[in-house]
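Asker: My structure file final_30.cif, mmCIF, C-alpha atoms, is below:
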```
data_input
loop_
_atom_site.label_atom_id
_atom_site.label_comp_id
_atom_site.auth_asym_id
_atom_site.auth_seq_id
_atom_site.Cartn_x
_atom_site.Cartn_y
_atom_site.Cartn_z
CA MET A 25 2.83 -26.51 -18.46
CA ILE A 26 1.70 -24.23 -15.68
CA ASP A 27 4.01 -21.27 -15.31
CA ASP A 28 3.91 -20.69 -11.57
CA ASP A 29 7.47 -19.70 -10.80
CA TRP A 30 6.64 -16.01 -10.80
CA ILE A 31 3.72 -16.60 -8.44
CA ASP A 32 5.96 -18.63 -6.16
CA GLY A 33 8.25 -15.61 -6.12
CA VAL A 34 5.72 -13.76 -3.99
CA ALA A 35 6.09 -14.10 -0.21
CA TRP A 36 2.47 -14.97 0.57
CA ASN A 37 1.60 -14.52 4.24
CA SER A 38 0.29 -17.28 6.51
CA ASP A 39 -3.22 -16.69 5.11
CA GLY A 40 -1.89 -16.94 1.55
CA LEU A 41 -2.35 -13.21 0.93
CA VAL A 42 -0.33 -10.09 0.15
CA PRO A 43 -1.41 -6.45 0.21
CA ALA A 44 -1.75 -4.85 -3.22
CA VAL A 45 -1.65 -1.10 -3.76
CA ALA A 46 -3.41 0.33 -6.81
CA GLN A 47 -1.96 3.55 -8.21
CA ASP A 48 -3.53 5.59 -10.98
CA ALA A 49 -1.11 5.40 -13.89
CA ALA A 50 -2.01 8.84 -15.20
CA SER A 51 -2.29 10.96 -12.06
CA GLY A 52 -0.01 8.98 -9.78
CA GLU A 53 -2.69 9.06 -7.12
CA VAL A 54 -2.73 6.10 -4.72
CA LEU A 55 -6.27 4.79 -5.13
CA MET A 56 -6.66 1.89 -2.71
CA LEU A 57 -5.08 -0.98 -0.87
CA ALA A 58 -6.66 -4.39 -1.16
CA TRP A 59 -5.52 -8.00 -0.79
CA MET A 60 -4.63 -10.71 -3.27
CA ASN A 61 -4.21 -14.44 -3.08
CA ARG A 62 -2.48 -16.55 -5.73
CA GLU A 63 -5.59 -16.96 -7.82
CA SER A 64 -6.46 -13.28 -7.78
CA LEU A 65 -2.95 -12.35 -8.88
CA ARG A 66 -3.01 -14.96 -11.63
CA ARG A 67 -6.38 -13.72 -12.90
CA THR A 68 -5.25 -10.11 -12.71
CA VAL A 69 -2.21 -10.81 -14.85
CA GLU A 70 -4.03 -13.04 -17.32
CA SER A 71 -7.03 -10.75 -17.78
CA GLY A 72 -5.26 -7.39 -17.44
CA GLU A 73 -7.96 -6.29 -15.01
CA ALA A 74 -7.59 -6.16 -11.24
CA VAL A 75 -8.98 -9.07 -9.27
CA TYR A 76 -8.58 -8.96 -5.49
CA TRP A 77 -9.43 -11.26 -2.61
CA SER A 78 -12.19 -10.04 -0.33
CA ARG A 79 -11.25 -10.96 3.21
CA SER A 80 -14.73 -10.07 4.50
CA ARG A 81 -16.51 -12.17 1.90
CA GLN A 82 -13.73 -14.78 1.61
CA SER A 83 -14.05 -14.79 -2.16
CA LEU A 84 -12.41 -13.51 -5.30
CA TRP A 85 -13.53 -9.98 -6.07
CA LYS A 86 -13.15 -8.62 -9.57
CA LYS A 87 -12.91 -4.89 -9.06
CA GLY A 88 -15.81 -3.17 -10.76
CA GLU A 89 -17.76 -6.34 -11.51
CA THR A 90 -20.92 -4.83 -10.07
CA SER A 91 -20.07 -1.12 -10.23
CA GLY A 92 -18.41 -1.01 -13.65
CA HIS A 93 -15.39 0.69 -12.08
CA LEU A 94 -12.87 -1.78 -13.44
CA GLN A 95 -9.14 -1.28 -13.11
CA ARG A 96 -7.07 -1.96 -16.22
CA VAL A 97 -3.66 -3.09 -15.08
CA LEU A 98 -0.73 -1.61 -16.98
CA GLU A 99 2.06 -2.81 -14.73
CA VAL A 100 2.55 -5.18 -11.79
CA ARG A 101 5.42 -4.55 -9.38
CA LEU A 102 6.77 -6.43 -6.36
CA ASP A 103 8.72 -4.94 -3.48
CA CYS A 104 12.15 -5.82 -2.14
CA ASP A 105 10.80 -8.34 0.38
CA ALA A 106 8.35 -9.76 -2.18
CA ASP A 107 5.50 -9.25 0.27
CA ALA A 108 3.69 -6.28 -1.27
CA ILE A 109 2.41 -5.64 -4.79
CA LEU A 110 1.99 -2.37 -6.65
CA LEU A 111 -0.42 -2.15 -9.58
CA ARG A 112 -0.35 0.77 -11.99
CA VAL A 113 -3.90 1.00 -13.28
CA GLU A 114 -6.34 2.90 -15.40
CA SER A 115 -9.35 3.43 -13.19
CA VAL A 116 -12.44 3.12 -15.36
CA GLN A 117 -14.74 6.13 -14.87
CA GLY A 118 -12.14 7.45 -12.47
CA ILE A 119 -13.69 5.88 -9.41
CA ALA A 120 -11.87 3.36 -7.24
CA CYS A 121 -13.76 3.58 -3.95
CA HIS A 122 -16.98 1.77 -3.14
CA THR A 123 -18.21 5.07 -1.64
CA GLY A 124 -18.19 6.58 -5.13
CA ARG A 125 -15.01 8.58 -4.58
CA ARG A 126 -11.97 8.69 -6.85
CA ARG A 127 -9.85 6.97 -4.25
CA CYS A 128 -10.26 5.20 -0.94
CA PHE A 129 -7.75 7.45 0.86
CA PHE A 130 -10.11 10.38 1.16
CA SER A 131 -9.60 11.00 4.89
CA ARG A 132 -6.74 13.17 6.09
CA LEU A 133 -5.46 13.63 9.61
CA GLU A 134 -5.91 17.27 10.57
CA GLY A 135 -5.54 19.40 13.69
CA ALA A 136 -2.87 19.96 16.31
CA ALA A 137 -2.06 17.75 19.30
CA GLY A 138 -5.16 17.37 21.46
CA SER A 139 -7.61 17.95 18.63
CA ARG A 140 -6.50 15.65 15.84
CA ARG A 141 -9.21 14.11 13.71
CA TRP A 142 -9.74 12.36 10.37
CA VAL A 143 -11.44 14.69 7.90
CA ALA A 144 -12.92 13.65 4.56
CA THR A 145 -11.24 15.91 2.01
CA GLU A 146 -13.31 14.98 -0.99
CA ALA A 147 -16.92 14.12 -1.75
CA PRO A 148 -18.29 11.21 -3.77
CA VAL A 149 -18.45 11.85 -7.51
CA ALA A 150 -20.78 8.91 -8.20
CA ALA A 151 -23.23 6.66 -6.40
CA GLY A 152 -21.64 4.21 -4.01
CA ASP A 153 -21.66 0.43 -4.41
CA ALA A 154 -21.09 -1.45 -1.17
CA SER A 155 -20.53 -4.72 -3.00
CA ASP A 156 -17.46 -3.27 -4.74
CA GLY A 157 -15.39 -2.55 -1.66
CA MET B 18 -5.36 14.41 28.54
CA ILE B 19 -4.29 11.85 26.03
CA ASP B 20 -5.84 12.47 22.64
CA ASP B 21 -6.37 8.96 21.37
CA ASP B 22 -9.68 9.22 19.53
CA TRP B 23 -8.00 9.58 16.15
CA ILE B 24 -5.83 6.52 16.84
CA ASP B 25 -8.92 4.57 17.88
CA GLY B 26 -10.38 5.53 14.51
CA VAL B 27 -7.96 3.15 12.82
CA ALA B 28 -9.16 -0.43 12.33
CA TRP B 29 -6.10 -2.18 13.75
CA ASN B 30 -5.90 -5.85 12.76
CA SER B 31 -5.78 -8.75 15.21
CA ASP B 32 -2.04 -8.17 15.62
CA GLY B 33 -2.63 -4.48 16.31
CA LEU B 34 -1.17 -3.44 12.96
CA VAL B 35 -2.18 -1.73 9.72
CA PRO B 36 -0.28 -1.50 6.43
CA ALA B 37 1.14 1.94 5.65
CA VAL B 38 2.06 3.04 2.14
CA ALA B 39 4.69 5.75 1.74
CA GLN B 40 4.38 7.91 -1.36
CA ASP B 41 6.92 10.50 -2.45
CA ALA B 42 5.17 13.86 -2.17
CA ALA B 43 7.13 15.40 -5.03
CA SER B 44 7.27 12.64 -7.63
CA GLY B 45 4.16 10.70 -6.64
CA GLU B 46 6.20 7.51 -6.71
CA VAL B 47 5.03 4.77 -4.34
CA LEU B 48 8.13 4.13 -2.28
CA MET B 49 7.33 1.28 0.08
CA LEU B 50 4.74 -0.53 2.14
CA ALA B 51 5.48 -1.17 5.79
CA TRP B 52 3.45 -1.78 8.94
CA MET B 53 2.45 0.41 11.85
CA ASN B 54 1.12 -0.22 15.32
CA ARG B 55 -0.51 2.42 17.52
CA GLU B 56 2.77 3.60 18.96
CA SER B 57 4.48 3.92 15.59
CA LEU B 58 1.59 5.96 14.20
CA ARG B 59 1.58 8.18 17.27
CA ARG B 60 5.33 8.78 17.03
CA THR B 61 5.09 9.40 13.30
CA VAL B 62 2.47 12.10 13.78
CA GLU B 63 4.16 13.70 16.78
CA SER B 64 7.65 13.74 15.27
CA GLY B 65 6.72 14.34 11.64
CA GLU B 66 9.06 11.52 10.64
CA ALA B 67 7.98 8.02 9.69
CA VAL B 68 8.19 5.35 12.37
CA TYR B 69 7.08 1.84 11.43
CA TRP B 70 6.74 -1.48 13.23
CA SER B 71 9.20 -4.14 12.16
CA ARG B 72 7.37 -7.44 12.14
CA SER B 73 10.61 -9.38 11.73
CA ARG B 74 12.34 -7.65 14.64
CA GLN B 75 9.11 -7.07 16.61
CA SER B 76 10.17 -3.54 17.45
CA LEU B 77 9.57 0.07 16.52
CA TRP B 78 11.64 1.06 13.53
CA LYS B 79 12.32 4.69 12.84
CA LYS B 80 12.89 4.82 9.12
CA GLY B 81 16.42 6.00 8.39
CA GLU B 82 17.63 5.77 11.97
CA THR B 83 20.72 3.87 10.87
CA SER B 84 20.84 4.79 7.18
CA GLY B 85 19.99 8.48 7.44
CA HIS B 86 17.21 7.95 4.89
CA LEU B 87 14.50 9.51 7.01
CA GLN B 88 11.01 10.16 5.70
CA ARG B 89 9.51 13.55 6.56
CA VAL B 90 5.76 13.10 6.72
CA LEU B 91 3.74 15.86 5.08
CA GLU B 92 0.34 14.20 5.23
CA VAL B 93 -1.30 11.15 6.82
CA ARG B 94 -4.36 9.63 5.15
CA LEU B 95 -6.70 6.79 6.07
CA ASP B 96 -8.78 4.70 3.67
CA CYS B 97 -12.52 4.13 3.56
CA ASP B 98 -12.34 1.00 5.73
CA ALA B 99 -9.85 2.66 8.10
CA ASP B 100 -7.52 -0.31 7.70
CA ALA B 101 -4.78 1.18 5.53
CA ILE B 102 -2.70 4.33 5.88
CA LEU B 103 -1.12 6.51 3.21
CA LEU B 104 1.82 8.76 4.06
CA ARG B 105 2.94 11.52 1.73
CA VAL B 106 6.63 11.93 2.49
CA GLU B 107 9.84 13.65 1.58
CA SER B 108 12.37 10.88 1.25
CA VAL B 109 15.68 12.17 2.61
CA GLN B 110 18.49 11.60 0.10
CA GLY B 111 15.84 10.12 -2.19
CA ILE B 112 16.34 6.57 -0.98
CA ALA B 113 13.55 4.56 0.64
CA CYS B 114 14.74 0.98 0.14
CA HIS B 115 17.19 -0.87 2.36
CA THR B 116 18.85 -2.11 -0.85
CA GLY B 117 19.89 1.48 -1.59
CA ARG B 118 17.26 2.02 -4.26
CA ARG B 119 14.86 4.97 -4.52
CA ARG B 120 11.90 2.73 -3.83
CA CYS B 121 11.19 -0.82 -2.73
CA PHE B 122 8.97 -1.59 -5.74
CA PHE B 123 11.88 -2.02 -8.14
CA SER B 124 10.79 -5.38 -9.59
CA ARG B 125 8.36 -5.50 -12.48
CA LEU B 126 6.54 -8.50 -13.88
CA GLU B 127 7.65 -9.00 -17.49
CA GLY B 128 7.19 -11.59 -20.21
CA ALA B 129 4.27 -13.37 -21.80
CA ALA B 130 2.36 -16.37 -20.46
CA GLY B 131 4.77 -19.25 -19.90
CA SER B 132 7.80 -17.04 -19.39
CA ARG B 133 6.74 -14.43 -16.86
CA ARG B 134 9.38 -13.28 -14.41
CA TRP B 135 10.14 -10.47 -11.95
CA VAL B 136 12.81 -8.16 -13.36
CA ALA B 137 14.65 -5.47 -11.39
CA THR B 138 14.12 -2.29 -13.38
CA GLU B 139 16.48 -0.06 -11.46
CA ALA B 140 19.85 -0.34 -9.76
CA PRO B 141 20.84 0.84 -6.29
CA VAL B 142 21.91 4.47 -6.12
CA ALA B 143 23.54 4.14 -2.69
CA ALA B 144 24.96 1.47 -0.41
CA GLY B 145 22.36 -0.81 1.14
CA ASP B 146 21.57 -0.97 4.86
CA ALA B 147 19.93 -4.23 5.89
CA SER B 148 18.96 -2.81 9.27
CA ASP B 149 16.76 -0.18 7.60
CA GLY B 150 14.34 -2.52 5.88
#
```
So, in terms of structure tokens, how does the structure I just supplied come out?

Answerer:
Amino acid sequence: MIDDDWIDGVAWNSDGLVPAVAQDAASGEVLMLAWMNRESLRRTVESGEAVYWSRSRQSLWKKGETSGHLQRVLEVRLDCDADAILLRVESVQGIACHTGRRRCFFSRLEGAAGSRRWVATEAPVAAGDASDG
Amino acid sequence: MIDDDWIDGVAWNSDGLVPAVAQDAASGEVLMLAWMNRESLRRTVESGEAVYWSRSRQSLWKKGETSGHLQRVLEVRLDCDADAILLRVESVQGIACHTGRRRCFFSRLEGAAGSRRWVATEAPVAAGDASDG
């Protein structure tokens, strides 16, 4: 028997996707936002390691498959509208971003009105891997 | 002079939107995921309080306008692909969800294969406000 009720409980969008936020379970840092389809969510839950859907490549994307920067999934949460997922993860080697940074949200808006700009607030800690982003 | 370069730095999707994650600046808790268009991001930055775009109502939605549960925005971050935003916020009265809960991600996936289900792990701490979600 295929147990799909919980997957049907997700409000997949018209493309069959939902955004998934990965949060570091230890530091609380928000690491990245990626997308999942039904199959990626199923594989994530069954394997305990994050599998996303690459919209650019139109294929399943096991996080860290090429880079080694896997995400072990400790908890899967769903929001009140069932259209966003939150993963609490252990980020293997502490790197979630394909640029080699700890997290993808490394740019911060700085400056006053008239001179606002996005500024990278942290440097890569490892080599990048374009195929893992 | 209108300073729009930083807004043009965001990779708006074909609907002119990006997902925005709100994280509690004090606790680190991920509170909610909502959507922004250019105008909502501009108003958020100028006012210092979160303004989203309601896809269901197709209108700007100042968080807490009816409920009082405003979000004071301490920091705005952008991810490596420029297609997701992270807000670090102070959640006024500690309630981000329209159901009256601290956060929208109150459902957790529980159970083993064959009996998985989404379980609400926390109860509302205030009255709900359907117009603020």

Asker: Rank nothing, just name the residue among A:Val97, A:Ala154, A:Val45, A:Ala108 nearest to Ser124 in chain B, using all atoms listed in the file.

Answerer: A:Ala108

Asker: Contacts from chain B to chain A, 9 Å maximum, all atoms listed in the file: show me the residue list as a PDB file with C-alpha atoms, in the frame of the given file.

Answerer:
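To be explicit, this is the file written out as iface_27.pdb:
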```pdb
ATOM      1  CA  MET B  18      -5.360  14.410  28.540  1.00  0.00           C
ATOM      2  CA  ILE B  19      -4.290  11.850  26.030  1.00  0.00           C
ATOM      3  CA  ASP B  20      -5.840  12.470  22.640  1.00  0.00           C
ATOM      4  CA  ASP B  21      -6.370   8.960  21.370  1.00  0.00           C
ATOM      5  CA  ASP B  22      -9.680   9.220  19.530  1.00  0.00           C
ATOM      6  CA  TRP B  23      -8.000   9.580  16.150  1.00  0.00           C
ATOM      7  CA  ILE B  24      -5.830   6.520  16.840  1.00  0.00           C
ATOM      8  CA  GLY B  26     -10.380   5.530  14.510  1.00  0.00           C
ATOM      9  CA  PRO B  36      -0.280  -1.500   6.430  1.00  0.00           C
ATOM     10  CA  VAL B  38       2.060   3.040   2.140  1.00  0.00           C
ATOM     11  CA  GLN B  40       4.380   7.910  -1.360  1.00  0.00           C
ATOM     12  CA  SER B  44       7.270  12.640  -7.630  1.00  0.00           C
ATOM     13  CA  GLY B  45       4.160  10.700  -6.640  1.00  0.00           C
ATOM     14  CA  GLU B  46       6.200   7.510  -6.710  1.00  0.00           C
ATOM     15  CA  VAL B  47       5.030   4.770  -4.340  1.00  0.00           C
ATOM     16  CA  MET B  49       7.330   1.280   0.080  1.00  0.00           C
ATOM     17  CA  LEU B  50       4.740  -0.530   2.140  1.00  0.00           C
ATOM     18  CA  ALA B  51       5.480  -1.170   5.790  1.00  0.00           C
ATOM     19  CA  GLU B  63       4.160  13.700  16.780  1.00  0.00           C
ATOM     20  CA  GLU B  92       0.340  14.200   5.230  1.00  0.00           C
ATOM     21  CA  VAL B  93      -1.300  11.150   6.820  1.00  0.00           C
ATOM     22  CA  ARG B  94      -4.360   9.630   5.150  1.00  0.00           C
ATOM     23  CA  LEU B  95      -6.700   6.790   6.070  1.00  0.00           C
ATOM     24  CA  ASP B  96      -8.780   4.700   3.670  1.00  0.00           C
ATOM     25  CA  CYS B  97     -12.520   4.130   3.560  1.00  0.00           C
ATOM     26  CA  ASP B  98     -12.340   1.000   5.730  1.00  0.00           C
ATOM     27  CA  ALA B  99      -9.850   2.660   8.100  1.00  0.00           C
ATOM     28  CA  ASP B 100      -7.520  -0.310   7.700  1.00  0.00           C
ATOM     29  CA  ALA B 101      -4.780   1.180   5.530  1.00  0.00           C
ATOM     30  CA  ILE B 102      -2.700   4.330   5.880  1.00  0.00           C
ATOM     31  CA  LEU B 103      -1.120   6.510   3.210  1.00  0.00           C
ATOM     32  CA  CYS B 114      14.740   0.980   0.140  1.00  0.00           C
ATOM     33  CA  HIS B 115      17.190  -0.870   2.360  1.00  0.00           C
ATOM     34  CA  THR B 116      18.850  -2.110  -0.850  1.00  0.00           C
ATOM     35  CA  ARG B 120      11.900   2.730  -3.830  1.00  0.00           C
ATOM     36  CA  CYS B 121      11.190  -0.820  -2.730  1.00  0.00           C
ATOM     37  CA  PHE B 122       8.970  -1.590  -5.740  1.00  0.00           C
ATOM     38  CA  PHE B 123      11.880  -2.020  -8.140  1.00  0.00           C
ATOM     39  CA  SER B 124      10.790  -5.380  -9.590  1.00  0.00           C
ATOM     40  CA  ARG B 125       8.360  -5.500 -12.480  1.00  0.00           C
ATOM     41  CA  LEU B 126       6.540  -8.500 -13.880  1.00  0.00           C
ATOM     42  CA  GLU B 127       7.650  -9.000 -17.490  1.00  0.00           C
ATOM     43  CA  ALA B 130       2.360 -16.370 -20.460  1.00  0.00           C
ATOM     44  CA  GLY B 131       4.770 -19.250 -19.900  1.00  0.00           C
ATOM     45  CA  SER B 132       7.800 -17.040 -19.390  1.00  0.00           C
ATOM     46  CA  ARG B 133       6.740 -14.430 -16.860  1.00  0.00           C
ATOM     47  CA  ARG B 134       9.380 -13.280 -14.410  1.00  0.00           C
ATOM     48  CA  TRP B 135      10.140 -10.470 -11.950  1.00  0.00           C
ATOM     49  CA  GLY B 150      14.340  -2.520   5.880  1.00  0.00           C
TER      50      GLY B 150
END
```

Asker: Please write as JSON, numbers by chain the full residue list that the PyMOL selection byres ((chain A and resi 75-80) around 8) yields on this file.

Answerer: {"A": [58, 59, 60, 61, 64, 65, 67, 68, 73, 74, 81, 82, 83, 84, 85, 86, 87]}

Asker: Generate a file of the selected residues that holds C-alpha atoms, formatted as a short mmCIF file (atom, residue, chain, number, x, y, z; two decimals), keeping the file's coordinate frame.

Answerer:
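Output file out-v3.cif is given in full below:
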```cif
data_model
loop_
_atom_site.label_atom_id
_atom_site.label_comp_id
_atom_site.auth_asym_id
_atom_site.auth_seq_id
_atom_site.Cartn_x
_atom_site.Cartn_y
_atom_site.Cartn_z
CA ALA A 58 -6.66 -4.39 -1.16
CA TRP A 59 -5.52 -8.00 -0.79
CA MET A 60 -4.63 -10.71 -3.27
CA ASN A 61 -4.21 -14.44 -3.08
CA SER A 64 -6.46 -13.28 -7.78
CA LEU A 65 -2.95 -12.35 -8.88
CA ARG A 67 -6.38 -13.72 -12.90
CA THR A 68 -5.25 -10.11 -12.71
CA GLU A 73 -7.96 -6.29 -15.01
CA ALA A 74 -7.59 -6.16 -11.24
CA ARG A 81 -16.51 -12.17 1.90
CA GLN A 82 -13.73 -14.78 1.61
CA SER A 83 -14.05 -14.79 -2.16
CA LEU A 84 -12.41 -13.51 -5.30
CA TRP A 85 -13.53 -9.98 -6.07
CA LYS A 86 -13.15 -8.62 -9.57
CA LYS A 87 -12.91 -4.89 -9.06
#
```

Asker: CA of Asp39 in chain A to CA of Asp156 in chain A: how many Å, to one decimal?

Answerer: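 Interatomic distance here is 21.9 Å.
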
Asker: Would you compute the distance between CA of Ser84 in chain B and CA of Ala35 in chain A? Give it in Å to one decimal.

Answerer: 25.1 Å

Asker: Would you compute the distance between CA of Glu56 in chain B and CA of Ser108 in chain B? Give it in Å to one decimal.

Answerer: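 Computed distance, CA of Glu56 in chain B to CA of Ser108 in chain B, equals 21.4 Å.
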
Asker: Taking all atoms listed in the file into account, which of A:Glu89, A:Leu94, A:Val42, A:Ala49 comes nearest Ala120 in chain A?

Answerer: A:Leu94
